[in-house]
Structure formats: structure tokens, C-alpha cells
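Participant: Below you'll find upload.tsv; it's TSV, C-alpha atoms.
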chain	number	residue	atom	x	y	z
A	806	MET	CA	-33.50	69.24	34.16
A	807	LYS	CA	-33.59	66.39	36.65
A	808	CYS	CA	-35.02	67.08	40.08
A	809	THR	CA	-33.06	66.52	43.29
A	810	ARG	CA	-34.93	63.25	43.96
A	811	GLU	CA	-34.03	61.82	40.55
A	812	LEU	CA	-30.38	62.79	40.96
A	813	LEU	CA	-30.31	61.22	44.43
A	814	GLU	CA	-31.86	57.99	43.11
A	815	GLU	CA	-29.24	57.87	40.35
A	816	GLU	CA	-26.42	58.28	42.88
A	817	VAL	CA	-27.86	55.53	45.11
A	818	SER	CA	-28.20	53.20	42.10
A	819	THR	CA	-24.63	53.92	41.07
A	820	LEU	CA	-23.32	53.23	44.57
A	821	LYS	CA	-25.23	49.94	44.69
A	822	GLU	CA	-23.65	48.89	41.41
A	823	LEU	CA	-20.20	49.85	42.65
A	824	ILE	CA	-20.77	47.73	45.77
A	825	ASP	CA	-21.88	44.78	43.60
A	826	VAL	CA	-18.75	45.11	41.49
A	827	ALA	CA	-16.59	45.25	44.64
A	828	ARG	CA	-18.25	42.04	45.91
A	829	THR	CA	-17.51	40.31	42.63
A	830	VAL	CA	-13.86	41.36	42.79
A	831	VAL	CA	-13.26	40.06	46.31
A	832	SER	CA	-15.25	36.84	45.86
A	833	SER	CA	-13.80	35.57	42.58
A	834	LEU	CA	-10.35	34.66	41.28
A	835	ASP	CA	-11.65	34.08	37.75
A	836	LEU	CA	-9.87	37.00	36.12
A	837	GLY	CA	-11.78	36.85	32.84
A	838	HIS	CA	-15.17	36.90	34.60
A	839	VAL	CA	-14.21	39.73	36.95
A	840	LEU	CA	-12.84	41.93	34.17
A	841	GLN	CA	-15.95	41.33	32.05
A	842	VAL	CA	-18.17	42.41	34.96
A	843	ILE	CA	-16.11	45.56	35.49
A	844	LEU	CA	-16.10	46.33	31.77
A	845	SER	CA	-19.88	45.96	31.51
A	846	SER	CA	-20.37	48.29	34.50
A	847	ALA	CA	-17.93	50.86	33.10
A	848	MET	CA	-19.69	50.84	29.73
A	849	ARG	CA	-23.02	51.49	31.46
A	850	PHE	CA	-21.60	54.35	33.55
A	851	ALA	CA	-20.01	56.00	30.51
A	852	ASP	CA	-22.86	55.04	28.17
A	853	THR	CA	-20.51	53.65	25.52
A	854	PRO	CA	-21.27	50.83	23.04
A	855	ALA	CA	-17.76	49.36	23.01
A	856	GLY	CA	-14.92	48.66	25.39
A	857	SER	CA	-12.07	46.41	26.36
A	858	VAL	CA	-9.61	45.66	29.13
A	859	ALA	CA	-6.00	45.07	28.09
A	860	LEU	CA	-3.24	43.95	30.45
A	861	TYR	CA	0.27	45.31	30.12
A	862	ASP	CA	3.44	43.20	29.91
A	863	ALA	CA	6.27	45.59	30.82
A	864	ASP	CA	8.98	43.12	29.75
A	865	LYS	CA	7.58	42.83	26.23
A	866	SER	CA	6.17	46.38	26.16
A	867	GLU	CA	2.85	45.13	24.80
A	868	LEU	CA	-0.82	44.96	25.73
A	869	THR	CA	-3.09	41.91	25.51
A	870	ILE	CA	-6.90	42.03	25.40
A	871	ASN	CA	-8.44	40.13	28.34
A	872	ALA	CA	-12.05	41.31	28.13
A	873	HIS	CA	-14.06	43.03	25.40
A	874	SER	CA	-17.53	44.03	24.27
A	875	GLY	CA	-19.02	45.67	21.18
A	876	LEU	CA	-15.92	45.15	19.05
A	877	SER	CA	-15.48	43.25	15.79
A	878	HIS	CA	-13.89	39.79	15.58
A	879	GLU	CA	-11.13	41.31	13.47
A	880	PHE	CA	-10.29	43.82	16.21
A	881	VAL	CA	-10.41	41.24	19.01
A	882	ASN	CA	-8.32	38.73	17.03
A	883	THR	CA	-5.53	41.28	16.93
A	884	GLY	CA	-5.01	40.01	20.48
A	885	GLN	CA	-2.02	42.11	21.42
A	886	TRP	CA	-0.13	45.12	20.20
A	887	GLU	CA	3.10	46.95	20.95
A	888	ILE	CA	3.14	50.40	22.54
A	889	ARG	CA	3.57	53.04	19.84
A	890	PRO	CA	5.68	56.13	20.67
A	891	GLY	CA	3.47	59.17	21.33
A	892	SER	CA	0.31	57.08	21.28
A	893	LEU	CA	-2.67	57.63	23.56
A	894	THR	CA	-1.95	54.25	25.14
A	895	GLY	CA	1.71	55.09	25.69
A	896	ARG	CA	0.83	58.37	27.40
A	897	THR	CA	-1.77	56.66	29.58
A	898	LEU	CA	0.77	54.08	30.72
A	899	ALA	CA	3.45	56.71	31.34
A	900	GLY	CA	1.25	59.27	33.09
A	901	GLY	CA	-1.03	56.91	35.01
A	902	GLU	CA	-4.02	59.24	34.53
A	903	ILE	CA	-7.31	59.03	32.64
A	904	LEU	CA	-7.07	60.41	29.10
A	905	PHE	CA	-9.91	60.88	26.64
A	906	VAL	CA	-10.34	61.94	23.03
A	907	GLY	CA	-13.54	63.51	21.72
A	908	ASP	CA	-12.70	62.74	18.09
A	909	THR	CA	-9.98	60.27	17.13
A	910	ARG	CA	-9.69	61.87	13.69
A	911	LYS	CA	-9.02	65.32	15.13
A	912	THR	CA	-6.43	64.87	17.85
A	913	PHE	CA	-2.71	65.39	18.32
A	914	TYR	CA	-2.40	61.92	19.87
A	915	ASN	CA	-0.96	59.11	17.77
A	916	ILE	CA	-4.05	56.87	17.41
A	917	ASN	CA	-3.49	53.21	16.61
A	918	PRO	CA	-4.67	52.48	13.01
A	919	ILE	CA	-6.54	49.43	14.35
A	920	ILE	CA	-8.77	51.76	16.38
A	921	LEU	CA	-9.42	54.02	13.41
A	922	LYS	CA	-10.22	51.03	11.18
A	923	GLU	CA	-12.70	49.81	13.79
A	924	GLY	CA	-14.55	53.12	13.40
A	925	ILE	CA	-14.06	54.30	16.99
A	926	ARG	CA	-14.38	58.09	16.99
A	927	SER	CA	-14.24	58.87	20.73
A	928	LEU	CA	-12.24	57.08	23.37
A	929	ILE	CA	-11.48	56.97	27.11
A	930	CYS	CA	-8.29	55.34	28.38
A	931	ILE	CA	-8.34	54.53	32.10
A	932	PRO	CA	-5.12	53.15	33.65
A	933	LEU	CA	-5.34	50.16	35.99
A	934	LYS	CA	-2.85	50.89	38.75
A	935	VAL	CA	-1.45	48.81	41.60
A	936	GLN	CA	0.41	51.25	43.81
A	937	SER	CA	2.72	53.05	41.37
A	938	ARG	CA	2.58	50.37	38.65
A	939	THR	CA	0.19	50.57	35.69
A	940	ILE	CA	-0.73	46.97	34.87
A	941	GLY	CA	-3.31	47.55	32.17
A	942	ILE	CA	-5.82	49.90	30.57
A	943	LEU	CA	-9.62	50.00	30.54
A	944	TYR	CA	-10.76	51.34	27.14
A	945	LEU	CA	-14.25	52.72	26.51
A	946	GLY	CA	-15.20	53.81	23.02
A	947	ASP	CA	-18.01	55.22	20.91
A	948	PHE	CA	-18.50	55.23	17.17
A	949	VAL	CA	-19.41	58.92	17.06
A	950	PRO	CA	-17.47	61.99	18.25
A	951	ARG	CA	-18.58	63.06	21.74
A	952	GLU	CA	-17.54	64.61	25.02
A	953	PHE	CA	-17.56	62.64	28.26
A	954	ASP	CA	-19.11	63.57	31.60
A	955	ARG	CA	-16.19	64.43	33.91
A	956	ASP	CA	-18.16	63.40	37.02
A	957	LYS	CA	-18.61	59.95	35.56
A	958	LEU	CA	-14.90	59.74	34.92
A	959	LYS	CA	-14.42	59.79	38.70
A	960	LEU	CA	-16.67	56.75	39.01
A	961	LEU	CA	-14.69	55.05	36.28
A	962	ASP	CA	-11.52	55.71	38.24
A	963	VAL	CA	-13.07	53.83	41.20
A	964	LEU	CA	-14.01	50.94	38.89
A	965	ALA	CA	-10.48	50.91	37.54
A	966	SER	CA	-9.19	50.52	41.11
A	967	PHE	CA	-11.43	47.45	41.52
A	968	ALA	CA	-10.18	46.07	38.21
A	969	ALA	CA	-6.54	46.56	39.20
A	970	MET	CA	-7.23	44.83	42.52
A	971	ALA	CA	-8.85	41.91	40.69
A	972	VAL	CA	-5.91	41.54	38.31
A	973	ASP	CA	-3.37	41.69	41.13
A	974	ASN	CA	-5.25	39.14	43.26
A	975	ALA	CA	-5.79	36.73	40.35
A	976	GLN	CA	-2.19	36.97	39.16
A	977	PHE	CA	-0.87	36.41	42.69
A	978	HIS	CA	-3.12	33.36	43.05
A	979	ALA	CA	-1.94	32.04	39.66
A	980	ARG	CA	1.72	32.52	40.61
A	981	THR	CA	1.18	30.76	43.95
A	982	ARG	CA	-0.62	27.85	42.30
A	983	LEU	CA	2.09	27.57	39.63
A	984	MET	CA	4.79	27.43	42.30
A	985	ALA	CA	2.97	24.50	43.92
A	986	ILE	CA	3.02	22.42	40.71
A	987	THR	CA	6.32	23.57	39.18
A	988	ASP	CA	9.90	22.45	39.67
A	989	ALA	CA	11.93	25.56	40.48
A	990	LEU	CA	15.17	24.32	38.89
A	991	THR	CA	13.84	23.37	35.45
A	992	GLY	CA	10.60	25.34	35.15
A	993	LEU	CA	8.80	22.11	34.26
A	994	TYR	CA	5.82	20.65	36.10
A	995	ASN	CA	6.72	18.55	39.15
A	996	ARG	CA	6.09	14.88	39.98
A	997	ARG	CA	3.00	15.59	42.08
A	998	TYR	CA	1.34	17.39	39.19
A	999	PHE	CA	2.33	14.56	36.82
A	1000	GLN	CA	0.44	12.10	39.00
A	1001	GLN	CA	-2.67	14.29	38.78
A	1002	MET	CA	-2.38	14.91	35.03
A	1003	PHE	CA	-1.53	11.31	34.12
A	1004	GLY	CA	-4.62	9.93	35.81
A	1005	ARG	CA	-6.81	12.63	34.27
A	1006	GLU	CA	-5.43	12.21	30.73
A	1007	LEU	CA	-5.59	8.43	30.86
A	1008	SER	CA	-9.23	8.56	31.98
A	1009	ARG	CA	-9.98	10.89	29.08
A	1010	ALA	CA	-8.17	8.60	26.63
A	1011	GLN	CA	-10.15	5.60	27.89
A	1012	ARG	CA	-13.46	7.44	27.77
A	1013	TYR	CA	-13.04	8.74	24.21
A	1014	HIS	CA	-10.99	5.82	22.87
A	1015	LYS	CA	-8.01	8.05	22.11
A	1016	PRO	CA	-4.31	7.12	22.22
A	1017	LEU	CA	-2.01	8.48	24.90
A	1018	SER	CA	1.77	8.17	24.97
A	1019	LEU	CA	4.45	8.49	27.62
A	1020	ILE	CA	8.16	9.22	27.23
A	1021	MET	CA	10.60	8.78	30.10
A	1022	MET	CA	14.12	10.24	29.83
A	1023	ASP	CA	17.15	9.99	32.09
A	1024	VAL	CA	20.38	11.99	31.77
A	1025	ASP	CA	23.24	9.55	31.15
A	1026	ASP	CA	26.08	9.45	33.69
A	1027	PHE	CA	24.65	12.36	35.66
A	1028	LYS	CA	26.38	11.37	38.91
A	1029	LYS	CA	29.72	11.27	37.09
A	1030	PHE	CA	28.99	14.71	35.59
A	1031	ASN	CA	28.28	16.11	39.06
A	1032	ASP	CA	31.43	14.56	40.51
A	1033	THR	CA	33.56	15.88	37.63
A	1034	TYR	CA	32.17	19.39	37.13
A	1035	GLY	CA	30.41	20.12	40.42
A	1036	HIS	CA	26.77	20.34	41.50
A	1037	PRO	CA	26.15	23.92	40.26
A	1038	HIS	CA	27.00	22.74	36.73
A	1039	GLY	CA	24.84	19.68	37.36
A	1040	ASP	CA	21.97	22.04	38.07
A	1041	LYS	CA	22.76	23.75	34.78
A	1042	VAL	CA	22.34	20.40	33.01
A	1043	LEU	CA	18.88	19.98	34.50
A	1044	GLY	CA	17.97	23.50	33.42
A	1045	VAL	CA	19.16	22.74	29.89
A	1046	MET	CA	16.95	19.63	29.84
A	1047	GLY	CA	13.98	21.74	30.88
A	1048	ASP	CA	14.66	24.31	28.14
A	1049	ILE	CA	15.01	21.64	25.45
A	1050	LEU	CA	11.74	19.97	26.41
A	1051	VAL	CA	9.80	23.24	26.52
A	1052	GLU	CA	11.11	24.34	23.12
A	1053	ALA	CA	10.61	20.97	21.40
A	1054	LEU	CA	7.12	19.99	22.52
A	1055	ARG	CA	3.70	21.00	21.25
A	1056	SER	CA	1.48	23.25	23.32
A	1057	THR	CA	-0.80	20.24	23.94
A	1058	ASP	CA	2.01	18.15	25.47
A	1059	PHE	CA	3.19	18.20	29.09
A	1060	ALA	CA	6.76	17.89	30.40
A	1061	PHE	CA	7.63	17.03	34.00
A	1062	ARG	CA	10.73	16.64	36.13
A	1063	TYR	CA	9.94	13.25	37.60
A	1064	GLY	CA	12.79	13.23	40.08
A	1065	GLY	CA	16.57	13.66	40.14
A	1066	GLU	CA	17.71	13.56	36.51
A	1067	GLU	CA	14.56	11.79	35.26
A	1068	PHE	CA	11.98	13.52	33.05
A	1069	ILE	CA	8.59	12.46	31.76
A	1070	VAL	CA	6.68	13.73	28.74
A	1071	LEU	CA	2.93	13.15	28.44
A	1072	LEU	CA	1.59	13.18	24.86
A	1073	PRO	CA	-2.24	13.30	24.72
A	1074	GLU	CA	-3.94	11.92	21.58
A	1075	THR	CA	-0.59	10.67	20.25
A	1076	ASP	CA	-0.24	7.12	18.91
A	1077	PHE	CA	2.88	4.97	19.26
A	1078	PRO	CA	4.51	5.72	15.85
A	1079	ASN	CA	4.32	9.48	16.45
A	1080	ALA	CA	5.43	9.11	20.06
A	1081	LEU	CA	8.47	7.12	18.90
A	1082	LEU	CA	9.36	9.90	16.44
A	1083	ALA	CA	9.01	12.48	19.23
A	1084	ALA	CA	11.18	10.39	21.58
A	1085	GLU	CA	13.96	10.04	19.00
A	1086	ARG	CA	13.78	13.75	18.20
A	1087	LEU	CA	14.13	14.63	21.89
A	1088	ARG	CA	17.09	12.28	22.28
A	1089	GLU	CA	18.84	13.90	19.32
A	1090	LEU	CA	18.12	17.40	20.58
A	1091	VAL	CA	19.64	16.62	23.97
A	1092	GLU	CA	22.75	15.16	22.33
A	1093	HIS	CA	23.31	18.08	19.94
A	1094	GLU	CA	21.79	21.14	21.66
A	1095	SER	CA	23.50	20.46	24.98
A	1096	ILE	CA	26.95	20.89	23.39
A	1097	GLY	CA	26.28	24.58	22.79
A	1098	GLU	CA	24.38	25.06	26.04
A	1099	LEU	CA	27.20	23.57	28.12
A	1100	LYS	CA	30.03	25.23	26.21
A	1101	GLY	CA	32.82	26.13	28.60
A	1102	ILE	CA	31.67	23.46	31.06
A	1103	ALA	CA	31.63	20.13	29.22
A	1104	SER	CA	32.60	20.29	25.55
A	1105	HIS	CA	30.94	16.92	24.81
A	1106	GLY	CA	27.55	18.00	26.20
A	1107	ILE	CA	25.24	15.31	27.59
A	1108	THR	CA	23.10	12.44	26.32
A	1109	ALA	CA	19.89	10.83	27.54
A	1110	SER	CA	18.43	7.33	27.52
A	1111	VAL	CA	14.75	7.10	26.64
A	1112	GLY	CA	11.80	4.74	27.01
A	1113	VAL	CA	8.49	5.20	25.20
A	1114	VAL	CA	5.06	3.56	25.64
A	1115	SER	CA	1.51	4.14	24.46
A	1116	PHE	CA	-1.99	3.41	25.67
A	1117	PRO	CA	-3.54	0.93	25.00
A	1118	ARG	CA	-0.60	-0.73	23.21
A	1119	ASP	CA	1.67	-1.10	26.25
A	1120	GLY	CA	-0.76	-1.01	29.15
A	1121	GLU	CA	-4.23	0.08	30.21
A	1122	THR	CA	-3.57	1.52	33.67
A	1123	CYS	CA	-1.25	4.19	35.02
A	1124	GLU	CA	0.71	1.56	36.92
A	1125	GLU	CA	1.15	-0.70	33.88
A	1126	LEU	CA	2.30	2.13	31.65
A	1127	LEU	CA	4.70	3.56	34.25
A	1128	ASN	CA	6.24	0.15	35.00
A	1129	SER	CA	6.60	-0.52	31.29
A	1130	VAL	CA	8.27	2.79	30.41
A	1131	ASP	CA	10.56	2.57	33.44
A	1132	GLY	CA	11.68	-0.92	32.39
A	1133	LEU	CA	12.34	0.25	28.84
A	1134	LEU	CA	14.42	3.16	30.11
A	1135	TYR	CA	16.46	0.75	32.23
A	1136	ARG	CA	17.06	-1.45	29.17
A	1137	ALA	CA	18.20	1.58	27.17
A	1138	LYS	CA	20.78	2.22	29.89
A	1139	GLU	CA	21.91	-1.43	29.87
A	1140	CYS	CA	22.28	-1.49	26.08
A	1141	GLY	CA	24.75	1.40	25.86
A	1142	LYS	CA	22.78	4.57	26.75
A	1143	ASN	CA	21.91	7.49	24.43
A	1144	ARG	CA	19.18	5.47	22.75
A	1145	VAL	CA	15.40	4.99	22.65
A	1146	HIS	CA	13.89	1.67	23.72
A	1147	TYR	CA	10.34	0.44	23.13
A	1148	ARG	CA	8.44	-2.85	23.19
A	1149	CYS	CA	8.19	-4.59	19.83
A	1150	GLU	CA	4.75	-5.84	18.80
A	1151	GLY	CA	4.15	-9.31	20.19
A	1152	GLU	CA	6.91	-9.01	22.81
A	1153	LEU	CA	5.83	-10.06	26.29
A	1154	GLN	CA	5.64	-7.35	28.95
Any chance you could put this one into C-alpha cells?
Facilitator:
Amino acid sequence: MKCTRELLEEEVSTLKELIDVARTVVSSLDLGHVLQVILSSAMRFADTPAGSVALYDADKSELTINAHSGLSHEFVNTGQWEIRPGSLTGRTLAGGEILFVGDTRKTFYNINPIILKEGIRSLICIPLKVQSRTIGILYLGDFVPREFDRDKLKLLDVLASFAAMAVDNAQFHARTRLMAITDALTGLYNRRYFQQMFGRELSRAQRYHKPLSLIMMDVDDFKKFNDTYGHPHGDKVLGVMGDILVEALRSTDFAFRYGGEEFIVLLPETDFPNALLAAERLRELVEHESIGELKGIASHGITASVGVVSFPRDGETCEELLNSVDGLLYRAKECGKNRVHYRCEGELQ
């Protein structure tokens, strides 16, 4: 039996750790770091060898692991999973209360086969709640059957409150930052962010001797479209352009609304031949996909004129490349629209 002094020292130590965790939460917007700190503290309090924090996407009804410890690569690489009816996770999300299982092989809960395959025999599920919403779950597990100290569960509930606060703060900050660099109408990045990214990517291309390509697109006869069908349908056209670009590009590419009906695509580590293929593919997608997207508005859809340049082929500075691609776009307009223009090798700038 522990004496009163030892118990008091343990309580003081626990409170100090809780205060340290709280300081971390309020001083950092790095969600991954904060959740890892909270997870490590929770695992120490509960004396468990494994744990994870998974955030909940209510729209998709799935959880995604954001922090983990003591789990196999196979388990972590699962990444996300759907909520199974009658599962321990499902009940935790629905009830918003801590649930625990002393033996995962002897319980009425529907245990995810991934957990059983991992060898986890006992498990605590702690909901992360912001007001009445459950935004994730803190999982703590052991590889042997066991019971958990109910007093420590109260401490874990406090830690879960810190974790929920951290998630909410970080997500709010991310949403605010995204609004500052995103065009509300198209969902693409805005011109200000393009100027930041272009300079950064060009510097990287110069430093590592990598290619970098730029595509500029302009919706053909956009003013006429607005005059004929009205500005709300003109806004629809811009939204369609945004959707087409997002769907067509690689995850490593960046699409921006440059202004009005002009769009720019930044293609890191992409040489001119591949950029030209991408530009022609985008032009074709606009021509064909827009017919269905604008059905009931304009049966003919829309087209776009396109210019394409690459570093170092068409320029070595941001200004040179932008002037070059803008000039090529203008020539595409002059030569009949709905086409891609580029500088032939040996042609003067």
C-alpha cells in the first residue's frame, strides 16, 4: 500500500503534467505535434503500450489516424476506416462517453478485425468533444486483457478535453488561412498565393536544376457569355473551370484563379513536352466537359485559349515566364481561340 505522502506526490506530478499539456495546447497550432504530446501523456497515465488519435469526418462517416504510438506499420497504413454498425467506435461517437473493453475477444461489442489482427486485447475509447460534437477518438490499448483504473479515466477525460481544444483551434486556424489564399468562387488558390508559390517553386527549380512549367488559360468570349446568359451563369462557368482543373491535375500541381476569367497552372518538375500534353488535355476537357456541366444554360458549353511555357526553355525569371505565357495566350486568342500556343524552338521571344 502506498502511504499518503506517496499518493500526494503522484497527484502533484500528474497535475504538473496536465498543466504542461495544457501549455502545449494553447501555445502551438501544429496539430500533429499537439496530438502526439497528448497521446504520449495519456499512454503514461493509463500505462498502455499502444495508442492513437483518430479524427472523425461526419460527412464521410470515417475516422483518420492523426497520431499513433506502439502500433505496427500495417495498422497505421490502414489510415482511415468507416464506422461499423454496433462497433465500439460507433457507440463512442454516438454516446460521447468513455468506453473500455477488458478483453476484445470476450465482449458483445463489434470489434474491428484490424484491432484484433493487431493483437490488442484491451482497449479504451475516449471521445474528443467540442461542445456537443464528437470530433475524434483517443484510443489506448494493451496487448493483454486487463481492467483499467477508473480514477485514471477521469484524468484521461481531462486530457481528451485538451485534445479536442487543440483540434478545434488548429482546424479553425487552417480554415482561416485557407480563406486568405483561396478564391471563394472557384475553390482554387488566388493570385496573391500564386505570386508566393511561383517565386518559391522557381527558386527551387533553379537551385536543383529541375524544370518548371506554367500554363495560362482564359475562357473564350466570357464577356459575351455574361451578357447573353447573365452574371450568375457566368459565375457557374468559373466554378466549372475550377472543378475541371482540380479533377485533372496531379496532387503535386497547383491551380490558381489569376483574375477575372484567367487561370494559371503551376507544374513543378515538369518539362515542356509534358506541360504541352497537359495544356492540350486541359483545353479538351474544358471544351467537352463544360457541355454537360452547363446543360440547360448553354448547350455548346465553353472553350478556353491556352499558353504554355517552361523554365529554363522560355525564361529564367518570374517576369520573363509570365510575360511569355501571357503573350502566347494573347496569340492563341488572335489565331481563332480554343487552342494552345507555345514558342517553337529557335523562335525569338
Participant: If you measure from atom CA of Val1113 of chain A to atom CA of Thr987 of chain A, what distance in Å do you get, rounded to one decimal?
Facilitator: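 Distance between the two atoms: 23.2 Å.
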Participant: Calculate how many Å separate atom CA of Pro1073 of chain A from atom CA of Leu1043 of chain A, rounding to one decimal.
Facilitator: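 Rounded to one decimal, the two atoms are 24.2 Å apart.
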Participant: Taking (-1.9, 56.5, 23.1) as a centre in this file's frame and 9 Å as the limit, can you find every polymer residue with an atom that close, using all atoms listed in the file, and give them as a PDB file with C-alpha atoms, keeping the file's coordinate frame?
Facilitator:
ATOM      1  CA  ILE A 888       3.140  50.400  22.540  1.00  0.00           C
ATOM      2  CA  ARG A 889       3.570  53.040  19.840  1.00  0.00           C
ATOM      3  CA  PRO A 890       5.680  56.130  20.670  1.00  0.00           C
ATOM      4  CA  GLY A 891       3.470  59.170  21.330  1.00  0.00           C
ATOM      5  CA  SER A 892       0.310  57.080  21.280  1.00  0.00           C
ATOM      6  CA  LEU A 893      -2.670  57.630  23.560  1.00  0.00           C
ATOM      7  CA  THR A 894      -1.950  54.250  25.140  1.00  0.00           C
ATOM      8  CA  GLY A 895       1.710  55.090  25.690  1.00  0.00           C
ATOM      9  CA  ARG A 896       0.830  58.370  27.400  1.00  0.00           C
ATOM     10  CA  THR A 897      -1.770  56.660  29.580  1.00  0.00           C
ATOM     11  CA  LEU A 898       0.770  54.080  30.720  1.00  0.00           C
ATOM     12  CA  LEU A 904      -7.070  60.410  29.100  1.00  0.00           C
ATOM     13  CA  TYR A 914      -2.400  61.920  19.870  1.00  0.00           C
ATOM     14  CA  ASN A 915      -0.960  59.110  17.770  1.00  0.00           C
ATOM     15  CA  ILE A 916      -4.050  56.870  17.410  1.00  0.00           C
ATOM     16  CA  ASN A 917      -3.490  53.210  16.610  1.00  0.00           C
ATOM     17  CA  CYS A 930      -8.290  55.340  28.380  1.00  0.00           C
TER      18      CYS A 930
END
Participant: Find the residue from A:Leu1134, A:Met1021, A:Leu961, A:Cys1140 that sits nearest to Leu1087 of chain A; use only C-alpha atoms when measuring.
Facilitator: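 Among A:Leu1134, A:Met1021, A:Leu961, A:Cys1140, it is A:Met1021 that comes nearest to Leu1087 of chain A.
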Participant: Within 8 Å of (3.5, 15.2, 27.3) (file coordinates; only C-alpha atoms), which protein or nucleic acid residues are there? I'd like them as a ChimeraX atom specification.
Facilitator: /A:1018-1020,1054,1057-1060,1069-1073
Participant: Which neighbours of Thr883 of chain A fall inside 10 Å, counting all atoms listed in the file, when residues of the same chain fewer than 6 positions from it are skipped, and could you give them as a list in words?
Facilitator: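 Near Thr883 of chain A, the qualifying residues are Thr869, Ile870 and Ile919 of chain A.
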Participant: Print the selection's residues with C-alpha atoms to a file, as an mmCIF file, in the coordinates of the input.
Facilitator:
data_model
loop_
_atom_site.group_PDB
_atom_site.id
_atom_site.type_symbol
_atom_site.label_atom_id
_atom_site.label_comp_id
_atom_site.auth_asym_id
_atom_site.auth_seq_id
_atom_site.Cartn_x
_atom_site.Cartn_y
_atom_site.Cartn_z
ATOM 1 C CA THR A 869 -3.090 41.910 25.510
ATOM 2 C CA ILE A 870 -6.900 42.030 25.400
ATOM 3 C CA ILE A 919 -6.540 49.430 14.350
#
Participant: How far is it from atom CA of Asp1076 of chain A to atom CA of Gln1000 of chain A, in Å with one decimal?
Facilitator: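 Taking atom CA of Asp1076 of chain A and atom CA of Gln1000 of chain A, their separation equals 20.7 Å.
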Participant: Using only C-alpha atoms, find the one residue out of A:Val963, A:Val972, A:Ile903, A:Leu943 that sits nearest to Gly856 of chain A.
Facilitator: A:Leu943
Participant: Find, counting all atoms listed in the file, the residue in A:Asp947, A:Asp956, A:Glu902, A:Glu1052 that gets nearest to Glu923 of chain A.
Facilitator: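 The shortest atom-to-atom distance to Glu923 of chain A comes from A:Asp947.
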Participant: For His873 of chain A, list every protein, DNA or RNA residue within 10 Å, evaluated using only C-alpha atoms, and leave out those in the same chain fewer than 6 positions away; present the list as a count of residues only.
Facilitator: 15
Participant: Would you pick out the contacts of Pro1117 of chain A at 8 Å or less, using all atoms listed in the file, so that residues sharing its chain but fewer than 2 positions from it are not included, and give the list as a PyMOL selection string?
Facilitator: chain A and resi 1016-1017+1115+1119-1121
Participant: Closest to Pro932 of chain A among A:Phe850, A:Tyr1135, A:Phe967, A:Phe1003, using all atoms listed in the file?
Facilitator: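 That would be A:Phe967, the residue with the smallest distance to Pro932 of chain A.
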Participant: Looking at all atoms listed in the file, which of A:Arg996, A:His1038, A:Lys922, A:Lys1029 is the one that sits closest to Glu1067 of chain A?
Facilitator: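 Of A:Arg996, A:His1038, A:Lys922, A:Lys1029, the one nearest Glu1067 of chain A is A:Arg996, counting all atoms listed in the file.
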Participant: When distances are computed from all atoms listed in the file, which of A:Arg1086, A:Arg1144, A:Arg1005, A:His1093 shows the smallest separation from Ser1110 of chain A?
Facilitator: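 Closest to Ser1110 of chain A, using all atoms listed in the file: A:Arg1144.
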Participant: Write out as a list in words the residues lying within 6 Å of Tyr861 of chain A, counting only C-alpha atoms and excluding same-chain residues fewer than 2 positions away.
Facilitator: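 Residues near the query, excluding close chain neighbours: Glu867, Leu868, Ile940 and Gly941 of chain A.
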